[in-house]
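Asker: Below you'll find structure-v4.txt; it's compact mmCIF, C-alpha atoms.
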```txt
# COMPACT_ATOMS: atom_id res chain seq x y z
CA MET A 292 24.88 58.86 -18.59
CA THR A 293 24.18 62.47 -17.68
CA SER A 294 20.81 64.12 -18.18
CA ASN A 295 20.09 65.49 -21.62
CA ALA A 296 17.79 67.90 -23.38
CA SER A 297 14.95 65.37 -23.53
CA GLY A 298 14.23 65.96 -19.84
CA ARG A 299 15.36 62.49 -18.95
CA LYS A 300 17.20 62.45 -15.68
CA ASN A 301 19.38 59.86 -14.04
CA LEU A 302 17.42 58.89 -10.94
CA THR A 303 19.06 56.50 -8.51
CA PHE A 304 17.13 54.73 -5.79
CA ILE A 305 19.07 53.11 -2.97
CA SER A 306 16.69 50.68 -1.30
CA ARG A 307 18.12 49.85 2.10
CA ARG A 308 15.29 48.52 4.26
CA SER A 309 13.84 45.06 4.79
CA PRO A 310 10.65 44.26 2.86
CA TYR A 311 7.97 44.06 5.55
CA GLY A 312 9.27 45.83 8.68
CA SER A 313 8.17 49.22 7.36
CA GLY A 314 6.62 50.81 4.31
CA TYR A 315 9.97 52.06 2.97
CA ALA A 316 10.77 49.11 0.70
CA LYS A 317 7.37 49.20 -0.98
CA ALA A 318 7.49 52.99 -1.25
CA CYS A 319 10.88 52.75 -2.90
CA LEU A 320 9.59 50.27 -5.48
CA ASP A 321 6.54 52.45 -6.16
CA MET A 322 8.81 55.43 -6.79
CA VAL A 323 11.01 53.35 -9.09
CA LEU A 324 8.04 52.16 -11.14
CA SER A 325 6.56 55.66 -11.34
CA ALA A 326 9.89 57.10 -12.47
CA ALA A 327 10.12 54.37 -15.12
CA VAL A 328 6.59 55.13 -16.34
CA PHE A 329 7.68 58.75 -16.76
CA ASP A 330 10.56 57.53 -18.90
CA GLN A 331 13.35 58.54 -16.55
CA HIS A 332 16.70 56.75 -16.55
CA VAL A 333 16.34 54.68 -13.40
CA THR A 334 18.95 52.79 -11.42
CA LEU A 335 17.96 50.70 -8.41
CA VAL A 336 20.52 49.60 -5.83
CA PHE A 337 19.79 47.19 -3.00
CA MET A 338 22.09 47.89 -0.08
CA ASP A 339 22.20 47.14 3.66
CA ASP A 340 18.90 45.53 4.79
CA GLY A 341 17.49 46.30 1.34
CA VAL A 342 19.10 43.10 0.05
CA LEU A 343 16.68 41.17 2.29
CA GLN A 344 14.01 42.06 -0.27
CA LEU A 345 15.83 39.67 -2.60
CA GLN A 346 15.36 36.62 -0.38
CA PRO A 347 13.62 33.94 -2.47
CA ASN A 348 10.45 32.07 -1.50
CA GLN A 349 8.79 34.90 0.39
CA GLN A 350 5.30 33.88 1.54
CA ALA A 351 4.11 37.34 2.47
CA GLY A 352 0.49 36.21 2.43
CA ASP A 353 1.20 34.43 5.70
CA ILE A 354 1.43 37.83 7.39
CA HIS A 355 -1.33 39.28 5.21
CA ALA A 356 1.13 41.37 3.23
CA LYS A 357 1.68 41.62 -0.50
CA ASP A 358 4.70 39.75 -1.76
CA LEU A 359 7.27 42.43 -2.50
CA SER A 360 9.62 40.11 -4.38
CA ALA A 361 6.78 39.27 -6.79
CA ALA A 362 6.41 42.97 -7.51
CA LEU A 363 10.18 43.30 -7.95
CA ALA A 364 9.94 40.61 -10.61
CA ALA A 365 7.93 43.11 -12.70
CA LEU A 366 10.89 45.53 -12.96
CA PRO A 367 12.00 44.26 -16.41
CA LEU A 368 8.45 44.84 -17.70
CA TYR A 369 8.86 48.49 -16.74
CA ASP A 370 12.24 48.52 -18.53
CA VAL A 371 14.09 48.97 -15.26
CA ASP A 372 17.19 47.00 -16.16
CA ASN A 373 19.84 48.70 -14.06
CA VAL A 374 19.30 46.77 -10.86
CA TYR A 375 22.22 46.18 -8.51
CA ALA A 376 22.76 44.44 -5.20
CA ASP A 377 25.66 45.26 -2.93
CA ARG A 378 27.76 42.12 -2.59
CA ASP A 379 29.02 43.05 0.87
CA SER A 380 25.48 43.58 2.21
CA LEU A 381 24.48 40.14 0.88
CA THR A 382 27.50 38.43 2.40
CA ARG A 383 26.98 40.02 5.80
CA ARG A 384 23.42 38.69 5.83
CA GLY A 385 24.38 35.17 4.82
CA MET A 386 22.77 35.48 1.41
CA PHE A 387 24.08 33.94 -1.77
CA SER A 388 24.11 35.93 -4.96
CA ASP A 389 23.10 32.91 -7.05
CA GLN A 390 19.99 32.36 -4.92
CA LEU A 391 18.06 35.60 -5.19
CA ALA A 392 14.40 36.26 -5.97
CA ILE A 393 15.20 38.34 -9.06
CA GLU A 394 18.12 38.79 -11.39
CA VAL A 395 20.44 41.58 -10.27
CA ARG A 396 23.95 42.73 -11.03
CA LEU A 397 26.34 42.50 -8.12
CA CYS A 398 28.27 45.59 -7.20
CA ASP A 399 30.76 46.85 -4.66
CA ALA A 400 31.13 50.18 -2.86
CA ASP A 401 33.19 51.68 -5.70
CA LYS A 402 30.42 50.93 -8.18
CA ILE A 403 27.78 52.46 -5.88
CA ALA A 404 29.98 55.55 -5.50
CA GLU A 405 30.21 55.76 -9.29
CA ILE A 406 26.43 55.35 -9.70
CA ILE A 407 25.83 58.15 -7.19
CA ARG A 408 28.21 60.48 -8.99
CA GLN A 409 26.51 59.87 -12.33
CA SER A 410 23.06 60.58 -10.86
CA ASP A 411 21.08 63.77 -11.07
CA VAL A 412 19.05 62.83 -8.01
CA VAL A 413 19.60 60.10 -5.42
CA PHE A 414 16.84 58.76 -3.21
CA THR A 415 17.70 56.54 -0.26
CA LEU A 416 14.83 54.85 1.47
CA MET B 103 30.57 65.86 -9.46
CA THR B 104 30.83 65.59 -5.68
CA THR B 105 28.12 64.62 -3.24
CA LEU B 106 26.75 65.94 0.04
CA HIS B 107 25.91 63.11 2.44
CA THR B 108 23.77 63.72 5.49
CA VAL B 109 23.68 61.20 8.35
CA ASN B 110 21.06 61.44 11.07
CA LYS B 111 21.74 58.51 13.42
CA HIS B 112 24.47 57.30 15.74
CA SER B 113 26.69 54.56 14.33
CA LEU B 114 26.23 52.40 17.43
CA ASN B 115 22.58 51.80 16.62
CA SER B 116 22.52 52.08 12.86
CA ASP B 117 24.66 51.23 9.86
CA LEU B 118 24.08 54.62 8.25
CA LEU B 119 27.52 56.11 8.86
CA THR B 120 29.24 52.86 7.87
CA SER B 121 27.34 52.78 4.58
CA CYS B 122 27.95 56.46 3.99
CA LEU B 123 31.71 56.06 4.55
CA ARG B 124 31.78 53.09 2.18
CA VAL B 125 30.52 55.11 -0.78
CA ALA B 126 31.78 58.63 0.03
CA ARG B 127 34.63 59.63 -2.24
CA GLY B 128 37.21 62.40 -2.36
CA GLY B 129 35.68 65.88 -2.41
CA ASP B 130 32.42 64.71 -0.85
CA CYS B 131 31.05 66.28 2.31
CA ILE B 132 29.57 64.38 5.24
CA LEU B 133 27.18 66.50 7.28
CA LEU B 134 26.08 65.08 10.62
CA ILE B 135 22.59 66.14 11.62
CA GLU B 136 20.07 65.27 14.35
CA ASP B 137 21.32 62.19 16.28
CA GLY B 138 24.07 61.85 13.70
CA ILE B 139 25.75 64.53 15.80
CA TYR B 140 26.82 61.90 18.34
CA ASN B 141 29.14 60.45 15.70
CA VAL B 142 31.59 63.29 16.29
CA ARG B 143 33.35 61.28 18.98
CA THR B 144 33.60 58.05 17.03
CA LEU B 145 33.81 59.09 13.39
CA GLU B 146 37.60 58.95 13.24
CA ASP B 147 37.80 55.46 14.78
CA LEU B 148 35.02 54.12 12.62
CA ALA B 149 36.63 55.47 9.48
CA ALA B 150 40.00 54.00 10.48
CA ARG B 151 38.46 50.59 11.09
CA GLN B 152 36.84 50.72 7.65
CA GLY B 153 40.07 51.83 6.01
CA CYS B 154 38.34 55.02 4.92
CA GLU B 155 40.56 58.03 4.35
CA LEU B 156 38.86 61.01 6.02
CA SER B 157 41.40 63.51 4.75
CA GLY B 158 39.77 63.74 1.33
CA LEU B 159 36.36 64.39 2.86
CA GLN B 160 34.87 67.49 4.37
CA CYS B 161 33.15 66.71 7.69
CA CYS B 162 30.58 69.02 9.23
CA VAL B 163 27.88 69.13 11.85
CA LEU B 164 24.75 71.20 11.93
CA HIS B 165 25.39 73.77 14.65
CA ASP B 166 21.98 73.85 16.31
CA ASP B 167 21.70 70.05 16.38
CA LEU B 168 25.09 70.04 18.13
CA THR B 169 24.33 72.59 20.80
CA ALA B 170 20.83 71.19 21.39
CA ARG B 171 22.51 67.96 22.47
CA GLY B 172 24.78 69.64 24.99
CA LEU B 173 27.88 69.76 22.83
CA ALA B 174 29.71 72.84 21.60
CA GLU B 175 32.05 73.70 18.76
CA LYS B 176 35.00 73.44 21.13
CA ASP B 177 34.14 69.74 21.60
CA LEU B 178 34.64 69.03 17.92
CA PRO B 179 37.79 67.35 16.63
CA ASP B 180 39.87 69.55 14.33
CA PHE B 181 38.65 67.91 11.15
CA ILE B 182 34.96 68.62 11.88
CA SER B 183 33.46 72.07 11.51
CA ALA B 184 30.04 73.41 12.38
CA VAL B 185 27.69 74.97 9.83
CA ASP B 186 24.44 76.86 10.34
CA GLN B 187 21.25 76.44 8.29
CA ALA B 188 22.54 78.79 5.61
CA GLY B 189 25.74 76.77 5.51
CA PHE B 190 23.67 73.62 5.02
CA VAL B 191 21.98 75.20 2.00
CA ALA B 192 25.32 76.37 0.67
CA LEU B 193 26.68 72.82 0.93
CA ALA B 194 23.64 71.42 -0.88
CA CYS B 195 24.25 73.90 -3.69
CA ALA B 196 27.99 73.26 -3.82
CA HIS B 197 27.56 69.54 -4.54
CA ARG B 198 25.96 67.91 -7.56
CA GLN B 199 23.64 65.72 -5.54
CA SER B 200 22.66 65.00 -1.96
CA VAL B 201 22.34 61.56 -0.43
CA HIS B 202 20.37 61.43 2.78
CA TRP B 203 21.27 58.51 5.02
CA PHE B 204 18.33 58.27 7.42
CA MET C 111 -20.91 54.79 -2.86
CA SER C 112 -21.52 53.84 -6.47
CA SER C 113 -22.43 50.38 -7.59
CA LEU C 114 -23.08 48.24 -10.63
CA LEU C 115 -26.39 46.45 -11.09
CA LEU C 116 -26.06 43.20 -13.01
CA LYS C 117 -28.71 41.49 -15.15
CA ASP C 118 -29.22 38.92 -12.39
CA GLN C 119 -29.99 41.81 -9.99
CA ARG C 120 -26.69 41.42 -8.12
CA ARG C 121 -25.38 44.77 -6.89
CA ILE C 122 -21.58 45.17 -6.99
CA ASP C 123 -19.90 47.93 -4.95
CA LEU C 124 -17.56 50.21 -6.89
CA ASP C 125 -15.21 52.93 -5.73
CA GLU C 126 -15.49 56.53 -6.89
CA ASP C 127 -13.46 55.72 -10.02
CA GLY C 128 -15.60 52.73 -10.92
CA TYR C 129 -13.18 50.01 -9.76
CA LEU C 130 -14.34 47.05 -7.68
CA ARG C 131 -14.29 47.71 -3.96
CA CYS C 132 -13.90 44.02 -3.30
CA LEU C 133 -11.72 42.22 -5.85
CA GLU C 134 -13.34 38.88 -4.97
CA ASP C 135 -16.61 40.15 -6.50
CA TRP C 136 -15.15 39.71 -9.97
CA ASP C 137 -16.46 37.11 -12.39
CA GLU C 138 -17.23 37.07 -16.11
CA ASP C 139 -20.66 38.63 -15.64
CA VAL C 140 -19.16 41.43 -13.58
CA ALA C 141 -16.58 42.02 -16.32
CA ALA C 142 -19.33 42.20 -18.94
CA GLY C 143 -21.30 44.60 -16.72
CA LEU C 144 -18.28 46.86 -16.15
CA ALA C 145 -17.54 46.81 -19.88
CA SER C 146 -21.08 47.67 -20.78
CA ALA C 147 -20.99 50.57 -18.31
CA ALA C 148 -18.05 51.80 -20.42
CA SER C 149 -20.03 51.18 -23.64
CA LEU C 150 -17.90 48.18 -24.57
CA GLN C 151 -19.08 44.82 -25.84
CA LEU C 152 -16.48 42.21 -24.90
CA SER C 153 -15.10 40.09 -27.76
CA ALA C 154 -12.67 37.19 -27.66
CA ALA C 155 -9.89 39.70 -28.29
CA HIS C 156 -10.92 41.64 -25.19
CA TRP C 157 -11.01 38.49 -23.11
CA GLU C 158 -7.54 37.56 -24.20
CA ILE C 159 -6.23 40.82 -22.69
CA ILE C 160 -8.45 40.60 -19.61
CA ILE C 161 -7.02 37.17 -18.80
CA LEU C 162 -3.54 38.56 -19.37
CA LEU C 163 -4.19 41.46 -16.98
CA ARG C 164 -5.36 39.06 -14.31
CA GLU C 165 -2.32 36.90 -14.92
CA PHE C 166 -0.07 39.94 -14.44
CA TYR C 167 -1.79 40.83 -11.18
CA ALA C 168 -1.59 37.26 -9.89
CA ALA C 169 2.13 37.15 -10.68
CA HIS C 170 3.20 40.58 -9.45
CA GLY C 171 0.48 41.94 -7.18
CA LEU C 172 0.38 45.08 -9.32
CA SER C 173 -1.97 46.49 -11.92
CA PRO C 174 0.34 47.13 -14.86
CA ALA C 175 0.98 50.61 -16.19
CA MET C 176 0.72 50.94 -19.98
CA ARG C 177 4.39 50.31 -20.61
CA ALA C 178 4.38 47.07 -18.63
CA LEU C 179 1.09 45.93 -20.16
CA VAL C 180 2.43 46.39 -23.68
CA LYS C 181 5.61 44.50 -22.89
CA PHE C 182 3.77 41.71 -21.08
CA THR C 183 1.30 41.36 -23.96
CA SER C 184 4.13 41.24 -26.45
CA ARG C 185 5.84 38.54 -24.44
CA LYS C 186 2.69 36.41 -24.08
CA LEU C 187 0.79 37.04 -27.30
CA GLY C 188 3.49 38.19 -29.67
CA PRO C 189 4.63 41.59 -30.98
CA ASP C 190 1.54 42.14 -33.18
CA LYS C 191 -0.69 42.39 -30.14
CA GLY C 192 1.97 43.83 -27.86
CA ARG C 193 1.51 47.34 -29.22
CA SER C 194 -0.30 50.26 -27.64
CA VAL C 195 -2.24 50.85 -30.88
CA TYR C 196 -3.73 47.38 -30.68
CA LEU C 197 -4.63 47.74 -27.01
CA MET C 198 -6.13 51.18 -27.69
CA THR C 199 -8.53 49.73 -30.26
CA LEU C 200 -9.78 47.25 -27.66
CA PHE C 201 -9.83 49.55 -24.65
CA PRO C 202 -10.16 53.10 -25.99
CA GLY C 203 -8.64 56.00 -24.11
CA ASN C 204 -6.34 54.47 -21.57
CA PRO C 205 -6.06 50.67 -21.92
CA ALA C 206 -4.17 50.27 -18.64
CA LEU C 207 -6.92 52.03 -16.68
CA LEU C 208 -9.95 50.68 -18.52
CA GLY C 209 -8.49 47.19 -18.87
CA ALA C 210 -7.69 46.99 -15.16
CA LYS C 211 -11.20 48.16 -14.32
CA ILE C 212 -12.91 45.50 -16.44
CA ALA C 213 -10.45 42.80 -15.37
CA GLY C 214 -11.33 43.51 -11.74
CA LEU C 215 -7.92 44.82 -10.67
CA PRO C 216 -7.17 47.84 -8.47
CA ARG C 217 -6.60 51.12 -10.25
CA PRO C 218 -3.01 51.18 -11.58
CA GLU C 219 -0.99 53.41 -9.25
CA ASN C 220 1.33 54.96 -11.79
CA CYS C 221 -1.29 56.06 -14.35
CA PHE C 222 -3.16 59.28 -14.84
```
Would you mind writing the file's structure down as structure tokens?

Answerer:
Amino acid sequence: MTSNASGRKNLTFISRRSPYGSGYAKACLDMVLSAAVFDQHVTLVFMDDGVLQLQPNQQAGDIHAKDLSAALAALPLYDVDNVYADRDSLTRRGMFSDQLAIEVRLCDADKIAEIIRQSDVVFTL
Amino acid sequence: MTTLHTVNKHSLNSDLLTSCLRVARGGDCILLIEDGIYNVRTLEDLAARQGCELSGLQCCVLHDDLTARGLAEKDLPDFISAVDQAGFVALACAHRQSVHWF
Amino acid sequence: MSSLLLKDQRRIDLDEDGYLRCLEDWDEDVAAGLASAASLQLSAAHWEIIILLREFYAAHGLSPAMRALVKFTSRKLGPDKGRSVYLMTLFPGNPALLGAKIAGLPRPENCF
């Protein structure tokens, strides 16, 4: 899982903001997709308010915004398959892991700590 | 394979320090900067409540952010030390990666 | 501001890269006009991909980068068409950029 001679790095993105309150969530996704296009080894972790991006049935058009969860659904098409959601953050926000907008792997703090340690660069936003 | 964490807000109005403490592991360094400085008085309690062992972590504050806010090195608990800008850079170099909680 | 003049004398506003300024302007005549500006004559094979690109945008709100376009095409039309070589023969140069342009999508953000 460490970087190798091919120039591929382990880039981890910790997305920890709600989808529409600021531009951070969208910016994080844009960075993830760009990193994937450049063939980097990408891991995306939803933590804290970031898990709110996973709420199903978002009707962002009602506030004249683009639906972020629809864009998240494109992650597999960019071969971003390492997508995690922090179980504790979900629980604290009354969200159920079997009712999320996209398929994610659940993780705990130990797993996030491990992901960070195996990363070359970590972005939190 | 250790990590430098920076935290720039007070734990009473953000979950940054809580999240940082959840994923910080032995050998990591937590550097309090900007309004994160105010955590010096509550860090120990917060960590205790979370069941986080501070002894394995290095805890620092950025000196100028501390003094700018009317605090001094003598106000710091024993387990927190102050670093200057060069010390910040040295910490960034000493750890494999940096995680900025902001 | 550049624009595209259609056979029916309609004038369509384009941005500096030749993409539609207003996505609602798009229809089949506009697509044909944009293609012809790129020296392309649209065939049924082109249309198949154009419809796919619009489907992608409707589903995800994104113009796909090459990698995603290839994978999406493979999923929808099978592995024979879901290859960059195939897409390159239809939309020479950069299929993600040229395809998005003709399909009336915004310029893909992650492409050069």

Asker: Find the residues around Ile406 of chain A up to 10 Å (only C-alpha atoms counted), leave out those fewer than 4 positions away in its own chain, and share them as a ChimeraX atom specification.

Answerer: /A:292,301-303,334-336,400-402,410,413 /B:125

Asker: Take the residues just selected and output them with C-alpha atoms as a CSV table (one decimal), in the coordinates of the input.

Answerer:
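Output saved as again.csv:
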```
chain,number,residue,atom,x,y,z
A,292,MET,CA,24.9,58.9,-18.6
A,301,ASN,CA,19.4,59.9,-14.0
A,302,LEU,CA,17.4,58.9,-10.9
A,303,THR,CA,19.1,56.5,-8.5
A,334,THR,CA,19.0,52.8,-11.4
A,335,LEU,CA,18.0,50.7,-8.4
A,336,VAL,CA,20.5,49.6,-5.8
A,400,ALA,CA,31.1,50.2,-2.9
A,401,ASP,CA,33.2,51.7,-5.7
A,402,LYS,CA,30.4,50.9,-8.2
A,410,SER,CA,23.1,60.6,-10.9
A,413,VAL,CA,19.6,60.1,-5.4
B,125,VAL,CA,30.5,55.1,-0.8
```

Asker: So that I can see what lies close to segment 352-362 of chain A, please list as a PyMOL selection string the residues with an atom at most 8 Å from it, counting only C-alpha atoms and leaving out residues fewer than 2 positions away in the same chain.

Answerer: (chain A and resi 310-311+317+344-347+349-350+364-366+392-393) or (chain C and resi 169-172)

Asker: B:Cys195, B:Phe204, B:Leu133, B:Gly128: which is nearest Asp167 of chain B, counting only C-alpha atoms?

Answerer: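 Of all the options, B:Leu133 lies closest to Asp167 of chain B.
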
Asker: Fewer than 6 positions away in the same chain doesn't count, so skip those; otherwise give me all residues within 9 Å of Trp203 of chain B, counting all atoms listed in the file, as a PDB file with C-alpha atoms, keeping the file's coordinate frame.

Answerer:
```
ATOM      1  CA  THR A 415      17.700  56.540  -0.260  1.00  0.00           C
ATOM      2  CA  LEU A 416      14.830  54.850   1.470  1.00  0.00           C
TER       3      LEU A 416
ATOM      4  CA  HIS B 107      25.910  63.110   2.440  1.00  0.00           C
ATOM      5  CA  THR B 108      23.770  63.720   5.490  1.00  0.00           C
ATOM      6  CA  VAL B 109      23.680  61.200   8.350  1.00  0.00           C
ATOM      7  CA  ASN B 110      21.060  61.440  11.070  1.00  0.00           C
ATOM      8  CA  LYS B 111      21.740  58.510  13.420  1.00  0.00           C
ATOM      9  CA  LEU B 118      24.080  54.620   8.250  1.00  0.00           C
ATOM     10  CA  LEU B 119      27.520  56.110   8.860  1.00  0.00           C
ATOM     11  CA  SER B 121      27.340  52.780   4.580  1.00  0.00           C
ATOM     12  CA  CYS B 122      27.950  56.460   3.990  1.00  0.00           C
TER      13      CYS B 122
END
```

Asker: Work out how far apart atom CA of Ile182 of chain B and atom CA of Cys161 of chain B are and give it in Å to one decimal.

Answerer: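 Interatomic distance here is 4.9 Å.
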
Asker: Show me, as AutoDock Vina command-line options, the centre and edge lengths in Å to one decimal of the axis-aligned box that covers every listed atom of segment 196-215 of chain C with 6 Å on each side.

Answerer:
```
--center_x -8.3 --center_y 49.4 --center_z -20.7 --size_x 21.2 --size_y 25.2 --size_z 32.0
```

Asker: So how far away is atom CA of Glu158 of chain C from atom CA of Asp123 of chain C, in Å?

Answerer: 25.1 Å

Asker: What are the residues of chain C that have an atom within 10 Å of an atom of chain A, counting all atoms listed in the file, as number ranges by chain?

Answerer: C: 166-172, 174-182, 185, 219-221

Asker: For atom CA of Asp139 of chain C and atom CA of Gly203 of chain C, determine how far apart the two atoms are, in Å to one decimal place.

Answerer: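 Between atom CA of Asp139 of chain C and atom CA of Gly203 of chain C the gap works out to 22.8 Å.
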
Asker: Pull out every residue of chain B that has at least one atom within 6 Å of chain A, counting only C-alpha atoms, and report them as a list of chain:residue names.

Answerer: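 Going by the stated atoms only, the list reads B:Met103, B:Arg124, B:Val125, B:Gln199, B:Val201.
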
Asker: Compile the contact shell of His197 of chain B as a PyMOL selection string: residues with an atom at most 7 Å away, counting all atoms listed in the file, same-chain residues fewer than 4 positions apart removed.

Answerer: chain B and resi 103-106+193

Asker: Tell me, as an mmCIF file with C-alpha atoms, in the coordinates of the input, which residues lie within 10 Å of Phe181 of chain B, counting all atoms listed in the file; anything in the same chain fewer than 5 positions away does not count.

Answerer:
```cif
data_model
loop_
_atom_site.group_PDB
_atom_site.id
_atom_site.type_symbol
_atom_site.label_atom_id
_atom_site.label_comp_id
_atom_site.auth_asym_id
_atom_site.auth_seq_id
_atom_site.Cartn_x
_atom_site.Cartn_y
_atom_site.Cartn_z
ATOM 1 C CA VAL B 142 31.590 63.290 16.290
ATOM 2 C CA GLU B 146 37.600 58.950 13.240
ATOM 3 C CA LEU B 156 38.860 61.010 6.020
ATOM 4 C CA SER B 157 41.400 63.510 4.750
ATOM 5 C CA LEU B 159 36.360 64.390 2.860
ATOM 6 C CA GLN B 160 34.870 67.490 4.370
ATOM 7 C CA CYS B 161 33.150 66.710 7.690
ATOM 8 C CA CYS B 162 30.580 69.020 9.230
#
```
